[in-house]
Amino acid sequence: MLPEELLEGLQKRIAETDHPRELVVDIMFALQNHYGYLSDEALEEGARLLGMTPLELEELATFYDFVYREPVGRYVIHVCDGVVCWMNGYEGVMDYLSKKFGIRPGETTEDGLFTILPTACIGYCDLSPAMLINGRPYGPLTPEKIDDILNRLRAEAPEPRMAR
Amino acid sequence: MYPQVIFQNRKPNRIATIDEYRQSGGYEGLTMALQKYSPKEVQQIVVDANLQGRGGAGFPAGLKWKSVADHFPFPRYVITNIDEYEPGTFKDRVMTHTDPHMMIEGMIITGYAVSAQTGIIFVRPSYESSAVIFERELKIAKEAGHLGKNILGSNFSFDIVVHRSGGRYICGEGTAQINAIQGRRPHPVQSPVRSTEKGLWNQPTVLNNMETLVNVPHIVRHGAEWFKNLAKTKTASGTKLYCVSGKVTHPGCYELPMGTRLSEIIEEHGGGMSPGNEFKTCLPGGASTYYLHKKFLDAEMDYDGMKKVGNRLGTGAVIVFDQKTCLVSATLNLMDFFVRESCGWCTPCREALPFIRDLIWRIEEGEGREEFIPILRRMSLHTWKSYCAFAPGATMPVTSLLDNFSEEVHEHISQKKCPYKG
């Protein structure tokens, strides 16, 4: 169940819009932020709010890169594998992260903190190789820089959460 | 140093405020448009200025606006996007982090020119900071009376909203973007009715690239002739934002006269090749253009100049490759990208691209055969039967690899391995 405040906020936005369907991505992001990912429950809640079918939401959720239909870590790392980042060391960055976390691309660390995903060009070609962590860009990346970033995130992270 | 129009208020690590934008003449174009010109006159000024759409196709913006006929219904929409998924392209991001009010003013004037009521800025998730900037600055523009009801005391009312995308390359295609905004799966539409007639919610809709819009206030203020004279070449107008990336010393986004030579863009502005590297080729306008043969390095970077050498200006994003980078491998990376980003709706794209990818992968892995080459060419031709320009664009690196770097391909096949891997 969604907390009252979040639910009312979303209902208000939907009521104020001429075409509620225009808000479907916003609603999916809001639910994803709350649940940690777009669970089946969240999908159904979103559909109910918008007067759409769960299937209509599902066909969008599975289409978009930044809507997660499976559990992800607290920090989702999108590593850019666009051609410029590829040329400037994408594979090294991905290998480094995989070894450091002991996971493969698409997986989440056991403590539920980090997920790594390869991602289409993120538009930071002037800072390649680059990555996004929870939407924030970082680059040009080196092993030292990656260590710094991850240490900072680990220090900031509240209670580790188990991946669901 | 060339005249800076779009980047005139560019500062290291800071966004220009509305006051700074005003001090540089910002919102004067809007005042002039509303007080001096009718919507039709604004359209004509932009037609005369020959403002070619900066999204890649180069269609004149003024003519697009004119195709919104008087009898078309209301409400009408203007859509722009900061969704540049084209590899190598990041100009919209730099523009937004430089002078966001320039785009806002350009969009309001465009709205006036086509009698629209609502503007929509479509933003990709990796540019969340841009969405936040626009939301903040739109509020400021509204408080200043530039947006909302009866703008600057005129009869014209216009609002702009930010629309967040879920993130996919195909959303850059016009009809796909309209589907995306309507909360539908963003597939492109086959042979669509022009969006200026039936676009968003079946209403007249003008889609303009963000770089097209930022030029509009300056054209209104300084006139068509001034704008035309900014370009180096006769058939082009204005300046262009060129993104330079890859193996160069100073990757970045540079505002230069339209038609500046590619060699100058790379050598002088991009700082030349990074230490120890030699120029091999470049994709001159993002991933959906052709690998350029070295002999055309002096070509003029505008729509006609690139056409003359059998290439495309695309987004003006120059991706530079060095002699140590394997182009078969680079093409494989590009095909991985296109295969993943294809929306999968129409057959030529969904089926041909993975097929092409597989053949390139075999060549790269030393399992290539000479007969793959005619198959690659044939499959690339099939993609021109797809619904939108995505798949033909995807095969441009493939056909130019075969045309301009055939030796490299043959070497992979005859040596049964990638010659660039030890």
# chains A, B, ... in the order shown; residues from 1 in each chain; ligands from 1
$ closest_atom_pairs --of "chain B" --to "chain A" --cutoff "9 Å" --atoms "only C-alpha atoms" --output "Markdown table"
| residue | atom | partner | partner_atom | distance |
| --- | --- | --- | --- | --- |
| B:Asp83 | CA | A:Gly123 | CA | 8.9 |
| B:Glu84 | CA | A:Gly123 | CA | 7.0 |
| B:Tyr85 | CA | A:Cys121 | CA | 6.2 |
| B:Glu86 | CA | A:Cys121 | CA | 7.3 |
| B:Pro87 | CA | A:Cys121 | CA | 5.5 |
| B:Gly88 | CA | A:Cys125 | CA | 5.7 |
| B:Thr89 | CA | A:Gly123 | CA | 6.2 |
| B:Phe90 | CA | A:Gly123 | CA | 5.1 |
| B:Lys91 | CA | A:Gly123 | CA | 8.8 |
| B:Arg93 | CA | A:Gly123 | CA | 7.8 |
| B:Pro125 | CA | A:Gly135 | CA | 7.0 |
| B:Ser126 | CA | A:Gly135 | CA | 5.7 |
| B:Tyr127 | CA | A:Gly135 | CA | 7.7 |
| B:Glu128 | CA | A:Gly135 | CA | 6.8 |
| B:Ser129 | CA | A:Arg136 | CA | 8.3 |
| B:His163 | CA | A:Glu22 | CA | 8.1 |
| B:Arg164 | CA | A:Asp26 | CA | 6.8 |
| B:Ser165 | CA | A:Val25 | CA | 6.6 |
| B:Gly166 | CA | A:Tyr64 | CA | 5.0 |
| B:Gly167 | CA | A:Tyr64 | CA | 5.3 |
| B:Arg168 | CA | A:Tyr64 | CA | 5.8 |
| B:Tyr169 | CA | A:Ala120 | CA | 8.0 |
| B:Ala180 | CA | A:Glu22 | CA | 8.1 |
| B:Ile181 | CA | A:Glu22 | CA | 5.4 |
| B:Gln182 | CA | A:Glu22 | CA | 5.0 |
| B:Gly183 | CA | A:Arg21 | CA | 5.0 |
| B:Arg184 | CA | A:Leu60 | CA | 7.1 |
| B:Arg185 | CA | A:Leu60 | CA | 5.5 |
| B:Pro186 | CA | A:Leu60 | CA | 8.3 |
| B:Trp201 | CA | A:His19 | CA | 8.9 |
| B:Cys243 | CA | A:Asp126 | CA | 8.2 |
| B:Val244 | CA | A:Asp126 | CA | 7.6 |
| B:Ser245 | CA | A:Asp126 | CA | 5.9 |
| B:Gly246 | CA | A:Val84 | CA | 5.4 |
| B:Lys247 | CA | A:Asn88 | CA | 7.8 |
| B:His250 | CA | A:Asp126 | CA | 8.3 |
| B:Pro251 | CA | A:Asp126 | CA | 5.1 |
| B:Gly252 | CA | A:Asp126 | CA | 5.3 |
| B:Cys253 | CA | A:Asp126 | CA | 8.1 |
| B:Ala287 | CA | A:Val83 | CA | 8.1 |
| B:Ile319 | CA | A:Val84 | CA | 7.1 |
| B:Val320 | CA | A:Val84 | CA | 8.6 |
| B:Phe321 | CA | A:Met87 | CA | 8.1 |
| B:Thr325 | CA | A:Met87 | CA | 7.4 |
| B:Ala330 | CA | A:Val83 | CA | 6.8 |
| B:Thr331 | CA | A:Val83 | CA | 8.7 |
| B:Asn333 | CA | A:Val83 | CA | 6.2 |
| B:Leu334 | CA | A:Val83 | CA | 6.3 |
| B:Phe337 | CA | A:Ala120 | CA | 6.5 |
| B:Arg340 | CA | A:Ala120 | CA | 8.5 |
| B:Glu341 | CA | A:Ala120 | CA | 7.9 |
| B:Cys343 | CA | A:Phe63 | CA | 8.1 |
$ closest_residue --among "B:Gly62, B:Gly393, B:Pro192, B:Pro284" --to "B:Lys40" --atoms "only C-alpha atoms"
B:Gly62
$ select_by_dssp --residues "stretch 32-103 of chain A" --states "strand (DSSP E)" --output "number ranges by chain"
A: 75-80
$ write_last_selection --atoms "N, CA and C atoms" --output "short mmCIF file (atom, residue, chain, number, x, y, z; two decimals), in the first residue's frame"
data_model
loop_
_atom_site.label_atom_id
_atom_site.label_comp_id
_atom_site.auth_asym_id
_atom_site.auth_seq_id
_atom_site.Cartn_x
_atom_site.Cartn_y
_atom_site.Cartn_z
N TYR A 75 21.76 1.65 -5.18
CA TYR A 75 22.41 2.46 -6.21
C TYR A 75 22.43 1.67 -7.52
N VAL A 76 21.79 2.24 -8.54
CA VAL A 76 21.79 1.58 -9.85
C VAL A 76 22.84 2.29 -10.72
N ILE A 77 23.84 1.52 -11.12
CA ILE A 77 24.94 2.08 -11.91
C ILE A 77 24.70 1.74 -13.38
N HIS A 78 24.42 2.76 -14.17
CA HIS A 78 24.28 2.58 -15.61
C HIS A 78 25.61 2.92 -16.25
N VAL A 79 26.30 1.91 -16.76
CA VAL A 79 27.60 2.15 -17.38
C VAL A 79 27.39 2.36 -18.88
N CYS A 80 27.85 3.48 -19.39
CA CYS A 80 27.61 3.80 -20.80
C CYS A 80 28.46 2.91 -21.70
#
$ select_by_dssp --residues "stretch 97-246 of chain B" --states "alpha helix (DSSP H)" --output "ChimeraX atom specification"
/B:100-113,128-143,174-181,210-222,224-229
$ decode --residues "stretch 166-269 of chain B" --atoms "C-alpha atoms" --output "compact mmCIF listing (two decimals), in the first residue's frame"
# COMPACT_ATOMS: atom_id res chain seq x y z
CA GLY B 166 11.52 6.60 -19.49
CA GLY B 167 14.56 6.54 -21.79
CA ARG B 168 14.93 4.92 -25.21
CA TYR B 169 16.76 6.00 -28.38
CA ILE B 170 13.69 5.65 -30.62
CA CYS B 171 11.88 8.40 -28.68
CA GLY B 172 13.93 10.85 -30.76
CA GLU B 173 11.86 9.88 -33.81
CA GLY B 174 8.98 12.35 -34.17
CA THR B 175 6.00 10.01 -34.29
CA ALA B 176 7.52 7.78 -31.60
CA GLN B 177 7.97 10.83 -29.38
CA ILE B 178 4.32 11.76 -29.80
CA ASN B 179 3.31 8.20 -28.87
CA ALA B 180 5.63 8.37 -25.86
CA ILE B 181 4.08 11.61 -24.59
CA GLN B 182 0.61 10.09 -25.00
CA GLY B 183 1.61 7.23 -22.71
CA ARG B 184 1.74 4.70 -25.54
CA ARG B 185 4.58 2.36 -26.44
CA PRO B 186 6.81 4.63 -28.53
CA HIS B 187 6.75 2.93 -31.91
CA PRO B 188 7.21 5.10 -35.00
CA VAL B 189 4.18 5.34 -37.27
CA GLN B 190 4.37 4.11 -40.87
CA SER B 191 3.79 6.88 -43.46
CA PRO B 192 2.24 9.20 -40.89
CA VAL B 193 0.05 12.21 -41.59
CA ARG B 194 2.25 15.27 -41.05
CA SER B 195 2.40 16.08 -37.35
CA THR B 196 1.78 19.76 -38.17
CA GLU B 197 -1.69 18.58 -39.20
CA LYS B 198 -2.32 15.70 -36.80
CA GLY B 199 0.22 15.23 -34.06
CA LEU B 200 -0.12 15.09 -30.30
CA TRP B 201 -3.67 14.04 -29.37
CA ASN B 202 -4.43 14.39 -33.10
CA GLN B 203 -3.94 18.14 -32.90
CA PRO B 204 -1.53 20.26 -35.00
CA THR B 205 1.95 19.83 -33.52
CA VAL B 206 5.29 21.38 -34.42
CA LEU B 207 8.37 19.39 -33.44
CA ASN B 208 11.60 21.36 -33.48
CA ASN B 209 15.07 20.47 -32.33
CA MET B 210 16.25 22.48 -29.33
CA GLU B 211 19.15 23.95 -31.32
CA THR B 212 16.66 25.13 -33.94
CA LEU B 213 14.60 26.93 -31.30
CA VAL B 214 17.51 28.79 -29.66
CA ASN B 215 18.25 30.52 -32.96
CA VAL B 216 14.75 31.95 -33.31
CA PRO B 217 15.01 34.93 -30.89
CA HIS B 218 18.24 36.08 -32.56
CA ILE B 219 16.74 35.85 -36.04
CA VAL B 220 13.76 37.95 -34.97
CA ARG B 221 16.04 40.56 -33.38
CA HIS B 222 18.78 40.80 -35.99
CA GLY B 223 17.03 39.74 -39.17
CA ALA B 224 17.38 37.08 -41.82
CA GLU B 225 20.42 38.58 -43.58
CA TRP B 226 22.44 38.77 -40.38
CA PHE B 227 21.69 35.11 -39.69
CA LYS B 228 22.64 33.99 -43.18
CA ASN B 229 25.93 35.85 -42.96
CA LEU B 230 26.96 33.95 -39.85
CA ALA B 231 27.57 30.84 -41.98
CA LYS B 232 30.78 30.25 -43.92
CA THR B 233 29.01 28.77 -46.90
CA LYS B 234 26.38 30.20 -49.23
CA THR B 235 23.70 27.54 -48.89
CA ALA B 236 23.86 27.38 -45.08
CA SER B 237 22.85 29.85 -42.37
CA GLY B 238 23.78 30.60 -38.80
CA THR B 239 26.20 28.91 -36.48
CA LYS B 240 26.26 25.24 -35.52
CA LEU B 241 27.03 23.45 -32.29
CA TYR B 242 29.58 20.77 -33.12
CA CYS B 243 30.26 18.09 -30.52
CA VAL B 244 33.73 16.59 -30.81
CA SER B 245 34.51 13.32 -29.03
CA GLY B 246 36.63 10.20 -29.27
CA LYS B 247 40.42 10.30 -29.63
CA VAL B 248 40.88 14.07 -29.51
CA THR B 249 42.72 16.22 -26.98
CA HIS B 250 39.81 18.51 -26.09
CA PRO B 251 36.48 16.74 -26.46
CA GLY B 252 33.65 19.26 -26.13
CA CYS B 253 30.86 21.24 -27.73
CA TYR B 254 31.89 24.22 -29.88
CA GLU B 255 29.83 26.93 -31.57
CA LEU B 256 31.29 27.64 -35.00
CA PRO B 257 29.98 29.06 -38.25
CA MET B 258 27.87 26.58 -40.21
CA GLY B 259 30.10 25.15 -42.93
CA THR B 260 33.35 25.19 -40.93
CA ARG B 261 35.74 22.60 -42.36
CA LEU B 262 35.89 19.26 -40.57
CA SER B 263 39.69 19.48 -40.36
CA GLU B 264 39.42 22.81 -38.52
CA ILE B 265 36.78 21.45 -36.12
CA ILE B 266 38.98 18.51 -35.16
CA GLU B 267 42.44 20.14 -35.29
CA GLU B 268 41.83 23.62 -33.91
CA HIS B 269 38.77 23.30 -31.73
